[in-house]
Number of protein chains: 4
Amino acid sequence: MCRWLAYFGDPIRPEELLYEPRRSLIEQSRSSGPDAGIANADGFGLGWYGLSDAPGLFRSSLPAWGDQNLRELSAQIRSPLFLAHVRAASAGMPVQQTNCHPFKHGKWLFVHNGYIADWPHLRRELTMAVDPDLYPYIEGSTDSEVMFYLALTYGLEDDPLGALERMAGCIEAAGYRHGTEHPLQMTLGLSDGEQVIAVRYASGPEVNTLFVSTSVHDIRLLLPAEERFRHFSDEARVVVSEPLIDLPGLWHEVPPSTALIVRDGPDSEDLPFVPRMP
Amino acid sequence: MCRWLAYFGDPIRPEELLYEPRRSLIEQSRSSGPDAGIANADGFGLGWYGLSDAPGLFRSSLPAWGDQNLRELSAQIRSPLFLAHVRAASAGMPVQQTNCHPFKHGKWLFVHNGYIADWPHLRRELTMAVDPDLYPYIEGSTDSEVMFYLALTYGLEDDPLGALERMAGCIEAAGYRHGTEHPLQMTLGLSDGEQVIAVRYASGPEVNTLFVSTSVHDIRLLLPAEERFRHFSDEARVVVSEPLIDLPGLWHEVPPSTALIVRDGPDSEDLPFVPRMP
Amino acid sequence: MCRWLAYFGDPIRPEELLYEPRRSLIEQSRSSGPDAGIANADGFGLGWYGLSDAPGLFRSSLPAWGDQNLRELSAQIRSPLFLAHVRAASAGMPVQQTNCHPFKHGKWLFVHNGYIADWPHLRRELTMAVDPDLYPYIEGSTDSEVMFYLALTYGLEDDPLGALERMAGCIEAAGYRHGTEHPLQMTLGLSDGEQVIAVRYASGPEVNTLFVSTSVHDIRLLLPAEERFRHFSDEARVVVSEPLIDLPGLWHEVPPSTALIVRDGPDSEDLPFVPRMP
Amino acid sequence: MCRWLAYFGDPIRPEELLYEPRRSLIEQSRSSGPDAGIANADGFGLGWYGLSDAPGLFRSSLPAWGDQNLRELSAQIRSPLFLAHVRAASAGMPVQQTNCHPFKHGKWLFVHNGYIADWPHLRRELTMAVDPDLYPYIEGSTDSEVMFYLALTYGLEDDPLGALERMAGCIEAAGYRHGTEHPLQMTLGLSDGEQVIAVRYASGPEVNTLFVSTSVHDIRLLLPAEERFRHFSDEARVVVSEPLIDLPGLWHEVPPSTALIVRDGPDSEDLPFVPRMP
């Protein structure tokens, strides 16, 4: 199981969320705690928006906690919107940079926690469903990357939620044709630099978790002392696959089959997420 | 341009050919000499036959010359048949272990020096031509790996040369359809543990080089002093993409459009290589 | 905390102990189980005796479980004596190949689980205590490597146990001078190709664990079905920092302040281990 | 032989000097051209001043040209002062991140092209000459890193040039005692964020090259079209171990035994560099 977070708000140094909280993403990557899962040590990535329209991307196939470059980089940049991911590779899936999240295409970043059931058997059909003009950009061998390119194929640029619902529908249809009971398990984090889109969905009853900070006040609790009292705009939010620290009321659990949109101006929206056929 | 070698003969330690000769494969990888090409520093691989039917494989995305593990391994094993490769990645092609040669499937090993012209545009069509049952084994993103799986698709197990000719024919046909003038450039090295098959072919007039040692006597010249006088069976041969050391008469240049087969018993054969439609 | 194993007996493929048992060293490296420690994902190493007097060595700074080369190598070699190690780096200690165990010098291999307390402050003094002729061989920055070179300095070649006791004495003396309460925590595994020497010792009451298989019969229980009924000589033993699988009577816990010697002929010996001043 | 560059001036994206010029540092790293040297493929590093007083540092043991992270990072940051380095490791020197330049301590960055002759024999003595309080910060095994810590030991913070002269004097004295004819070969690049200090010196007649751009006008020639006409302050300079592109008058060769200081305000100074005993 992978873990990820997304930050949207006033510019901060990513290290403040990656390293500082008592149970930061980096700490989580090293030790899976009492729930005794496996370590998220098969690579990591940080994608951030800053200087230009295109986001910056830093990915490595090493465990995040030992990577000096991530420490340096996340202390040297300030960003109002970034996504970070720590990977636990599925059995037999190569540990390599091109399989690390976030995946990037144009102004878009994409992170995923979950899987396409029976991927080895569905890989060819789903990869073929990717727009031939986008196909050459596929670099790795993961289900996650193909999910991203399917979403781009189905119109992510113009209709993000619709494209994600068609991506999920396409995958479920293929899975059911192959007799898979529950084809899809996912929490997704995406951004185009303007907004964070987070989705929680699974074909079956078991759905990976997704949480969002309940208020700007809560974000301060996640930050080191010296940052706590800086001004944060009211839209600032942190979205995480697992809580970073346990404080009553800090995290709101996003319901299954829900898409969350965090952007400037209006409050973050919860919308129903319903896979549909492309 | 990549470089590779294949050895067939009495068991030796691979280090004897990888490190010892004055212009060993490893030395060649670091400095491209007066012809001032680029370094072959985008990974390497060693595949060898030994204990079991399935060959052993050691690949890394680091430059070969600095890799302590390759030094150790190539000194600790003895093998009667091995292939080694040093890679220079085409522009934009990820430097990762799954893109390093040899590629391995079952008892087969495959190395390649060359390219499929206009690969980004042909990649999808050619990858789709791979047998759906073999498709899940494709791990990387190189033209070379797809060439290997196309050969397997077209019957490498039962009719190696025919399968390679059909692979080449399939690629040229696709290339010509896309308006590519010279779709294919290749020297290939393959083995199933019984024989070494080497092919030199290009669609155009410029053909990458391929050489084979002219006699068992010559192999001794490639080895360090202490090994020179060991007995070698008369079939022993070294096949290389570029000469390891320059000694008059040591190397026989394999003609273009030729397949060379090195195996026990008969002398190594030169056969015409003619791409054909699958 | 690192984990390691040593095998002495009839030649087997290392994969049989590294991958096969339900709780193999590789599995242990990925998930630390209910005791909720951290993953041993900061590199690994395999050292084995085979072709030549000098052992072979394969080390990588990646997590062991995802390393295809280790899988291949440990399936392709047969060895009567090998040591394997999975690392969890101490905070701030670089994750790099030269910090991975086993360490190798001449015919010797060395693995360690533990630490020298207050290493940053003791590093200079202890490194200076290494024989100036051996000093140039130090490649990494770990306490473990310096422990090995101190043992070599104090006569490991001629009097292994005495040298290890003087190494421990030298470290404790330096630690006490610096006001460290418990300077040394270690289980050690060493070999010269003839024997396995394992030591369990700590300056304080808490001592890392060390276990040895109680009989050749037990080794069969560690092996996959097809291997179980091969002949094993009565001296065959497996030494581990933590049990690989839990079977009553399979493992004998080596007492603290004890050195264990496994070699041909006599039964393995338990000897008292008493640090002494060089 | 390594290669490096330093930039001082108005904030630019490092990619403009690392990738754009026809013979950029990255291109130089891959192919050593007609002079047929070896590739600088044993790692690289980029150190830059920006957000905080402490510089940012990105180092990798992979060849620079294939590193996607360096491409991304050097396009996403803007910096008024940065140093970049591509490494060709001396024989037997481990290829690892901690051996890559720049080295960083506090606000200082340090790059080096050259060597301490007979390093294996001098390593211990020179490492011991490092201030015991600084010793724990030494992470790698290179002569370059020890040169940096010797300079810090001899007062780099307060008297940079004097400290560098004492560092050189200390090394030459040790070398001569060991009977080395020409102990030291170096071009150095250092910065504390305020200034770039570059030194060209060798004990013998052969001295590695060092060049500096002759005017702000020349810097525009190094930049891509769209950047050429931005305003650059008159103090802007590029210092390089080898010219990036060949244009008459673009590069001024720094004489041997010379230290160059580039900072705001006054023109860059050439000062004599004379090793002296600490």
# chains A, B, ... in the order shown; residues from 1 in each chain; ligands from 1
call {"tool": "closest_atom_pairs", "arguments": {"of": "chain A", "to": "chain C", "cutoff": "10 Å", "atoms": "only C-alpha atoms", "output": "Markdown table"}}
result
| residue | atom | partner | partner_atom | distance |
| --- | --- | --- | --- | --- |
| A:Glu27 | CA | C:Ile38 | CA | 9.5 |
| A:Gln28 | CA | C:Ile38 | CA | 9.9 |
| A:Ser29 | CA | C:Ala39 | CA | 9.2 |
| A:Arg30 | CA | C:Ile38 | CA | 5.9 |
| A:Ser31 | CA | C:Ile38 | CA | 4.7 |
| A:Ser32 | CA | C:Ala36 | CA | 7.2 |
| A:Gly33 | CA | C:Ala36 | CA | 5.3 |
| A:Pro34 | CA | C:Ala36 | CA | 5.8 |
| A:Asp35 | CA | C:Pro34 | CA | 7.7 |
| A:Ala36 | CA | C:Gly33 | CA | 5.3 |
| A:Gly37 | CA | C:Ser31 | CA | 6.6 |
| A:Ile38 | CA | C:Ser31 | CA | 4.7 |
| A:Ala39 | CA | C:Arg30 | CA | 6.1 |
| A:Asn40 | CA | C:Arg30 | CA | 9.1 |
| A:Ala41 | CA | C:Ala41 | CA | 6.9 |
| A:Asp42 | CA | C:Gly66 | CA | 7.6 |
| A:Gly43 | CA | C:Leu62 | CA | 9.8 |
| A:Ser61 | CA | C:Leu62 | CA | 8.4 |
| A:Leu62 | CA | C:Leu62 | CA | 6.4 |
| A:Pro63 | CA | C:Ala41 | CA | 7.3 |
| A:Trp65 | CA | C:Asp42 | CA | 9.5 |
| A:Gly66 | CA | C:Val95 | CA | 6.3 |
| A:Asp67 | CA | C:Val95 | CA | 8.1 |
| A:Gln68 | CA | C:Pro94 | CA | 8.6 |
| A:Ala88 | CA | C:Arg30 | CA | 9.9 |
| A:Ala89 | CA | C:Gly66 | CA | 8.4 |
| A:Ser90 | CA | C:Gly66 | CA | 10.0 |
| A:Ala91 | CA | C:Gly66 | CA | 8.7 |
| A:Gly92 | CA | C:Gly66 | CA | 8.0 |
| A:Met93 | CA | C:Gly66 | CA | 8.5 |
| A:Pro94 | CA | C:Gly66 | CA | 7.3 |
| A:Val95 | CA | C:Gly66 | CA | 6.3 |
| A:Gln96 | CA | C:Gly66 | CA | 9.8 |
call {"tool": "select_by_dssp", "arguments": {"residues": "region 97-252 of chain B", "states": "strand (DSSP E)", "output": "PDB file with C-alpha atoms, in the first residue's frame"}}
result
ATOM      1  CA  PHE B 103      17.089  -9.249 -21.759  1.00  0.00           C
ATOM      2  CA  LYS B 104      16.126 -12.664 -20.453  1.00  0.00           C
ATOM      3  CA  HIS B 105      13.140 -14.907 -21.086  1.00  0.00           C
ATOM      4  CA  TRP B 108      17.092 -17.141 -23.715  1.00  0.00           C
ATOM      5  CA  LEU B 109      19.355 -14.096 -23.466  1.00  0.00           C
ATOM      6  CA  PHE B 110      19.311 -11.204 -25.949  1.00  0.00           C
ATOM      7  CA  VAL B 111      21.623  -8.218 -26.533  1.00  0.00           C
ATOM      8  CA  HIS B 112      21.332  -5.532 -29.195  1.00  0.00           C
ATOM      9  CA  ASN B 113      23.372  -2.657 -30.612  1.00  0.00           C
ATOM     10  CA  GLY B 114      21.367  -0.364 -32.856  1.00  0.00           C
ATOM     11  CA  TYR B 115      17.894   1.093 -32.993  1.00  0.00           C
ATOM     12  CA  ILE B 116      14.462   1.073 -34.548  1.00  0.00           C
ATOM     13  CA  LEU B 184      16.259  -0.977 -38.671  1.00  0.00           C
ATOM     14  CA  GLN B 185      19.870  -0.913 -37.504  1.00  0.00           C
ATOM     15  CA  MET B 186      21.119  -3.879 -35.495  1.00  0.00           C
ATOM     16  CA  THR B 187      23.727  -6.296 -34.409  1.00  0.00           C
ATOM     17  CA  LEU B 188      22.163  -8.965 -32.215  1.00  0.00           C
ATOM     18  CA  GLY B 189      23.562 -11.521 -29.827  1.00  0.00           C
ATOM     19  CA  LEU B 190      21.337 -14.329 -28.564  1.00  0.00           C
ATOM     20  CA  SER B 191      21.737 -17.615 -26.774  1.00  0.00           C
ATOM     21  CA  GLN B 195      24.631 -21.862 -29.070  1.00  0.00           C
ATOM     22  CA  VAL B 196      25.433 -18.227 -29.726  1.00  0.00           C
ATOM     23  CA  ILE B 197      23.494 -16.606 -32.558  1.00  0.00           C
ATOM     24  CA  ALA B 198      24.842 -13.281 -33.819  1.00  0.00           C
ATOM     25  CA  VAL B 199      23.225 -11.195 -36.529  1.00  0.00           C
ATOM     26  CA  ARG B 200      24.496  -8.158 -38.436  1.00  0.00           C
ATOM     27  CA  TYR B 201      21.865  -6.292 -40.394  1.00  0.00           C
ATOM     28  CA  ALA B 202      20.613  -2.806 -41.266  1.00  0.00           C
ATOM     29  CA  PHE B 211      33.408  -9.385 -35.413  1.00  0.00           C
ATOM     30  CA  VAL B 212      34.246 -12.961 -34.424  1.00  0.00           C
ATOM     31  CA  SER B 213      37.557 -14.418 -33.317  1.00  0.00           C
ATOM     32  CA  ARG B 237      34.791 -18.194 -30.050  1.00  0.00           C
ATOM     33  CA  VAL B 238      34.382 -14.588 -28.995  1.00  0.00           C
ATOM     34  CA  VAL B 239      31.874 -12.390 -30.832  1.00  0.00           C
ATOM     35  CA  VAL B 240      32.130  -8.632 -30.367  1.00  0.00           C
ATOM     36  CA  TRP B 251      39.141 -10.743 -35.861  1.00  0.00           C
ATOM     37  CA  HIS B 252      37.000 -11.794 -38.781  1.00  0.00           C
TER      38      HIS B 252
END
call {"tool": "select_by_dssp", "arguments": {"residues": "region 29-266 of chain D", "states": "alpha helix (DSSP H)", "output": "mmCIF file with C-alpha atoms, in the first residue's frame"}}
result
data_model
loop_
_atom_site.group_PDB
_atom_site.id
_atom_site.type_symbol
_atom_site.label_atom_id
_atom_site.label_comp_id
_atom_site.auth_asym_id
_atom_site.auth_seq_id
_atom_site.Cartn_x
_atom_site.Cartn_y
_atom_site.Cartn_z
ATOM 1 C CA SER D 29 30.368 15.137 -19.091
ATOM 2 C CA ARG D 30 29.166 12.626 -21.653
ATOM 3 C CA GLN D 68 15.791 13.592 -14.885
ATOM 4 C CA ASN D 69 15.866 15.114 -11.410
ATOM 5 C CA LEU D 70 18.740 17.419 -12.315
ATOM 6 C CA ARG D 71 16.848 18.530 -15.435
ATOM 7 C CA GLU D 72 13.739 19.287 -13.401
ATOM 8 C CA LEU D 73 15.515 20.949 -10.508
ATOM 9 C CA SER D 74 17.763 23.148 -12.651
ATOM 10 C CA ALA D 75 14.667 24.396 -14.490
ATOM 11 C CA GLN D 76 12.610 25.053 -11.346
ATOM 12 C CA TRP D 119 46.447 9.926 -1.816
ATOM 13 C CA PRO D 120 46.154 6.401 -0.363
ATOM 14 C CA HIS D 121 49.418 6.927 1.506
ATOM 15 C CA LEU D 122 48.701 10.504 2.561
ATOM 16 C CA ARG D 123 45.035 10.033 3.415
ATOM 17 C CA ARG D 124 45.508 9.108 7.058
ATOM 18 C CA GLU D 125 47.978 11.868 7.911
ATOM 19 C CA LEU D 126 45.961 14.581 6.160
ATOM 20 C CA THR D 127 42.651 13.385 7.582
ATOM 21 C CA MET D 128 44.208 13.515 11.044
ATOM 22 C CA ASP D 143 41.004 13.754 -1.271
ATOM 23 C CA SER D 144 38.756 16.655 -2.322
ATOM 24 C CA GLU D 145 36.561 16.446 0.757
ATOM 25 C CA VAL D 146 39.603 16.370 3.053
ATOM 26 C CA MET D 147 41.015 19.428 1.240
ATOM 27 C CA PHE D 148 37.765 21.232 2.063
ATOM 28 C CA TYR D 149 37.882 20.261 5.737
ATOM 29 C CA LEU D 150 41.544 21.232 5.962
ATOM 30 C CA ALA D 151 40.633 24.675 4.586
ATOM 31 C CA LEU D 152 37.872 24.931 7.206
ATOM 32 C CA THR D 153 40.376 23.810 9.839
ATOM 33 C CA PRO D 160 39.438 32.311 2.991
ATOM 34 C CA LEU D 161 42.516 32.846 0.862
ATOM 35 C CA GLY D 162 44.913 32.377 3.758
ATOM 36 C CA ALA D 163 43.098 29.188 4.756
ATOM 37 C CA LEU D 164 43.334 27.799 1.226
ATOM 38 C CA GLU D 165 47.042 28.654 1.072
ATOM 39 C CA ARG D 166 47.610 26.892 4.397
ATOM 40 C CA MET D 167 45.595 23.882 3.174
ATOM 41 C CA ALA D 168 47.805 23.686 0.080
ATOM 42 C CA GLY D 169 50.953 24.162 2.169
ATOM 43 C CA CYS D 170 49.961 21.412 4.562
ATOM 44 C CA ILE D 171 49.334 18.992 1.683
ATOM 45 C CA GLU D 172 52.576 19.832 -0.113
ATOM 46 C CA ALA D 173 54.586 19.452 3.089
ATOM 47 C CA ALA D 174 53.058 16.022 3.714
ATOM 48 C CA GLY D 175 53.621 15.037 0.085
ATOM 49 C CA TYR D 176 57.266 16.097 0.051
ATOM 50 C CA ARG D 177 57.879 14.230 3.313
ATOM 51 C CA VAL D 216 28.765 40.576 -18.559
ATOM 52 C CA HIS D 217 28.251 40.889 -22.295
ATOM 53 C CA ASP D 218 29.821 37.472 -22.732
ATOM 54 C CA ILE D 219 27.412 35.821 -20.354
ATOM 55 C CA ARG D 220 24.584 36.694 -22.691
ATOM 56 C CA LEU D 221 26.350 34.700 -25.384
ATOM 57 C CA LEU D 222 26.161 31.662 -23.139
ATOM 58 C CA ALA D 225 18.071 33.477 -27.131
ATOM 59 C CA GLU D 226 15.152 34.405 -24.946
ATOM 60 C CA GLU D 227 17.468 35.222 -22.041
ATOM 61 C CA ARG D 228 20.125 37.154 -23.978
#
call {"tool": "atom_distance", "arguments": {"atom1": "CA of Ala236 (chain D)", "atom2": "CA of Asp270 (chain D)"}}
result
15.7 Å
call {"tool": "residues_around", "arguments": {"residues": "Val274 (chain B)", "least_positions_apart": "2", "cutoff": "7 Å", "atoms": "only C-alpha atoms", "output": "PyMOL selection string"}}
result
chain B and resi 165+257+272+276
call {"tool": "atom_distance", "arguments": {"atom1": "CA of Ile261 (chain C)", "atom2": "CA of Leu210 (chain C)"}}
result
13.0 Å
call {"tool": "residues_around", "arguments": {"residues": "Arg23 (chain C)", "least_positions_apart": "6", "cutoff": "9 Å", "atoms": "only C-alpha atoms", "output": "list of chain:residue names"}}
result
C:Pro243, C:Leu244, C:Ile245, C:Asp246
call {"tool": "write_last_selection", "arguments": {"atoms": "all heavy atoms", "output": "mmCIF file, in the first residue's frame"}}
result
data_model
loop_
_atom_site.group_PDB
_atom_site.id
_atom_site.type_symbol
_atom_site.label_atom_id
_atom_site.label_comp_id
_atom_site.auth_asym_id
_atom_site.auth_seq_id
_atom_site.Cartn_x
_atom_site.Cartn_y
_atom_site.Cartn_z
ATOM 1 N N PRO C 243 15.396 -15.474 14.743
ATOM 2 C CA PRO C 243 14.926 -16.734 14.158
ATOM 3 C C PRO C 243 14.270 -16.498 12.799
ATOM 4 O O PRO C 243 13.596 -15.487 12.598
ATOM 5 C CB PRO C 243 13.905 -17.241 15.167
ATOM 6 C CG PRO C 243 14.297 -16.609 16.462
ATOM 7 C CD PRO C 243 14.844 -15.252 16.093
ATOM 8 N N LEU C 244 14.524 -17.407 11.861
ATOM 9 C CA LEU C 244 13.894 -17.286 10.545
ATOM 10 C C LEU C 244 12.467 -17.814 10.604
ATOM 11 O O LEU C 244 11.544 -17.221 10.070
ATOM 12 C CB LEU C 244 14.703 -18.059 9.500
ATOM 13 C CG LEU C 244 16.118 -17.543 9.230
ATOM 14 C CD1 LEU C 244 16.748 -18.331 8.097
ATOM 15 C CD2 LEU C 244 16.087 -16.065 8.882
ATOM 16 N N ILE C 245 12.281 -18.973 11.221
ATOM 17 C CA ILE C 245 10.921 -19.469 11.443
ATOM 18 C C ILE C 245 10.853 -19.986 12.867
ATOM 19 O O ILE C 245 11.873 -20.328 13.460
ATOM 20 C CB ILE C 245 10.515 -20.583 10.445
ATOM 21 C CG1 ILE C 245 11.480 -21.766 10.542
ATOM 22 C CG2 ILE C 245 10.485 -20.054 9.028
ATOM 23 C CD1 ILE C 245 11.077 -22.918 9.635
ATOM 24 N N ASP C 246 9.667 -19.988 13.402
ATOM 25 C CA ASP C 246 9.499 -20.399 14.802
ATOM 26 C C ASP C 246 9.067 -21.849 14.860
ATOM 27 O O ASP C 246 7.920 -22.178 14.573
ATOM 28 C CB ASP C 246 8.465 -19.503 15.478
ATOM 29 C CG ASP C 246 8.856 -18.038 15.356
ATOM 30 O OD1 ASP C 246 10.068 -17.745 15.445
ATOM 31 O OD2 ASP C 246 7.962 -17.202 15.122
#
